[in-house]
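In what follows, a single structure is set out as structure tokens and then discussed.
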Amino acid sequence: MGTGGARVVFDRWEGRYSSAMSAVRSSAVRDLFAAADRPDVISLSGGMPDVRRVPREAVQRAVRDAMRHDGAAALQYGSSEGSVALRGTVADLMAESGARLDEDDIVLTAGAQQALDLLARVFLDPGDVIITEGPTYVGALQAFSAYRPRVECIPLDEHGMRTEVLEETLRRLGPRGAKFIYTIPNFQNPAGVTLSASRRRRLLELAHEFDIPVIEDDPYGRLRYEGGHILPLRALDPDVIYLGTFSKVFAPGLRVGWLAAPRPIRSKVLLAKQAADLCGSSFAHAVIERYMTGTSWRRVLVDLQSAYRERRDAMFAALAEHFPGDVAWTRPEGGFFVWVTLPAHMDTKPLLAEAVEHGVTFVPGSDFFPDGRGSNCLRIAFCYESPEKIAEGITRLAEVLEDKLGLYRSFVAAGVMPASAGSGGGLA
Ligand SMILES: Cc1ncc(COP(=O)(O)O)c(C=O)c1O
């Protein structure tokens, strides 16, 4: 789907592709990259970190040091688990957030995205049930959907996944009734909400009771702008499969993330990784290892945090000033995203083309569900544009929404439509 209307291309290989691929949907976020590139369009869609704030000299120094000290190894194939030095650094980073593990628990991957794909290969057969949050990360849905699972979505509220609904679902499915539970506990993509400490404990109790592995995807954990640190699930339970990434604290262009898993799962993931790419990029591992040695990356992170905080606050202020009263939104303490819920009968997908006409992009909510739910919602990101552009983008979006909401309100007033807000993909 393109924003300017999809061009239908005749495909003479149609009918030869695997049925697995037919289950993988394109994402509006990816499709929007072209539109978001137009200089007049304000992008509130993509989750792109602001790499303009990563000093070029620091990267050049890291590349030079990598070549000087690890040159031969950096240009050679490496082990499938990835550089031992960088895995050691990852173990140190995880210890800082409260999770104790060692480098042999870790596999370096091509971003957290590859870890999602490898886990899907390792765990899923067609028809298997998996449990995710609803809404959830569109890239996870894409990675999982090739393996044709049935996805049970657990709704969220401001404290993250509703564990009482998780419990009901697990009881309905029975012991080992799902292959895994996938959660993004910190500043969830797309909803922005954070799983509370008490719900983290409850989720783990339930996972134990029903003997179901938990995948904790944590790309945004270090991007907290207010409130106290909450221990990751992996810190509370060594059986949790943890996914991390350098994409948000350094640069997604390097494509390096990691997976920490109990040894038997890690062995299966390594086999899947060998089949996928033999090994990761030794060069990228060496550069990141050099960048993360020393303290300058911590200064960059503090700078990123304060820039993102300022942008988030600009978004909050503009939402409060310009968005209509029958629209609700989340108030994330970190990460990149705000989730907006319109009255239940609204559909945000057709609004996207109009928004692009008005010079602003967002992601329609239904992208974040496997089954078309969430159509009355949308995701906006505050990570990329300046505070001024964010304020202008929200003003433009409010104009588009106000137009449609005016029509909706007149239908409600005429009794043609019931008044309702916050159902479907909205948060409880
Ligand atoms: C929740 C979540 N998981 C995984 C990823 C993939 O990150 P990476 O760049 O490490 O592949 C993203 C990227 O936005 C994300 O939001």
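Each chain in the structure tokens gets a letter, A, B and so on, in the order shown; residues start at 1 in every chain, and ligands are counted from 1 in the order they appear.
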Environment of ligand 1 within 8 Å, counting only C-alpha atoms and all ligand atoms, reported as a PyMOL selection string | chain A and resi 47-48+110-114+116+136-137+139-140+184+188-190+217-220+243-248+252+255-257
Could you find all residues in range 253-424 of chain A that DSSP calls helix (DSSP H, G or I) from the backbone, and write them as a ChimeraX atom specification?
-> /A:253-254,263-277,282-292,296-322,349-357,365-368,387-413
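Residues in contact range of Ser19 in chain A, defined as at most 12 Å between only C-alpha atoms, with sequence neighbours fewer than 6 positions away removed, read Pro126, Ser145, Ala146, Tyr147 and Arg148 of chain A.
Proximity to Asn376 in chain A was assessed for A:Lys268, A:Arg61, A:Arg172, A:Lys349 counting only C-alpha atoms; the smallest distance is recorded for A:Lys349.
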Residue contacts of Arg121 in chain A (9 Å, only C-alpha atoms) excluding same-chain residues fewer than 6 positions away, as a PyMOL selection string | chain A and resi 144+147+269+272
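Nearest to Thr395 in chain A of all the residues A:Cys279, A:Ala178, A:Ile215, A:Ile42 is A:Ile42, based on only C-alpha atoms.
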Could you name the residues that touch Met94 in chain A at 12 Å or less, counting only C-alpha atoms, but leaving out those on the same chain fewer than 3 positions away, as a ChimeraX atom specification?
-> /A:87-91,97-103,105-106,218,221-222,231-235,242-245,258-260
What lies within 10 Å of Thr293 in chain A using only C-alpha atoms, ignoring chain neighbours under 4 positions off, as a list in words?
-> Ala62, Leu86, Thr89, Val287, Ile288, Glu289 and Trp297 of chain A
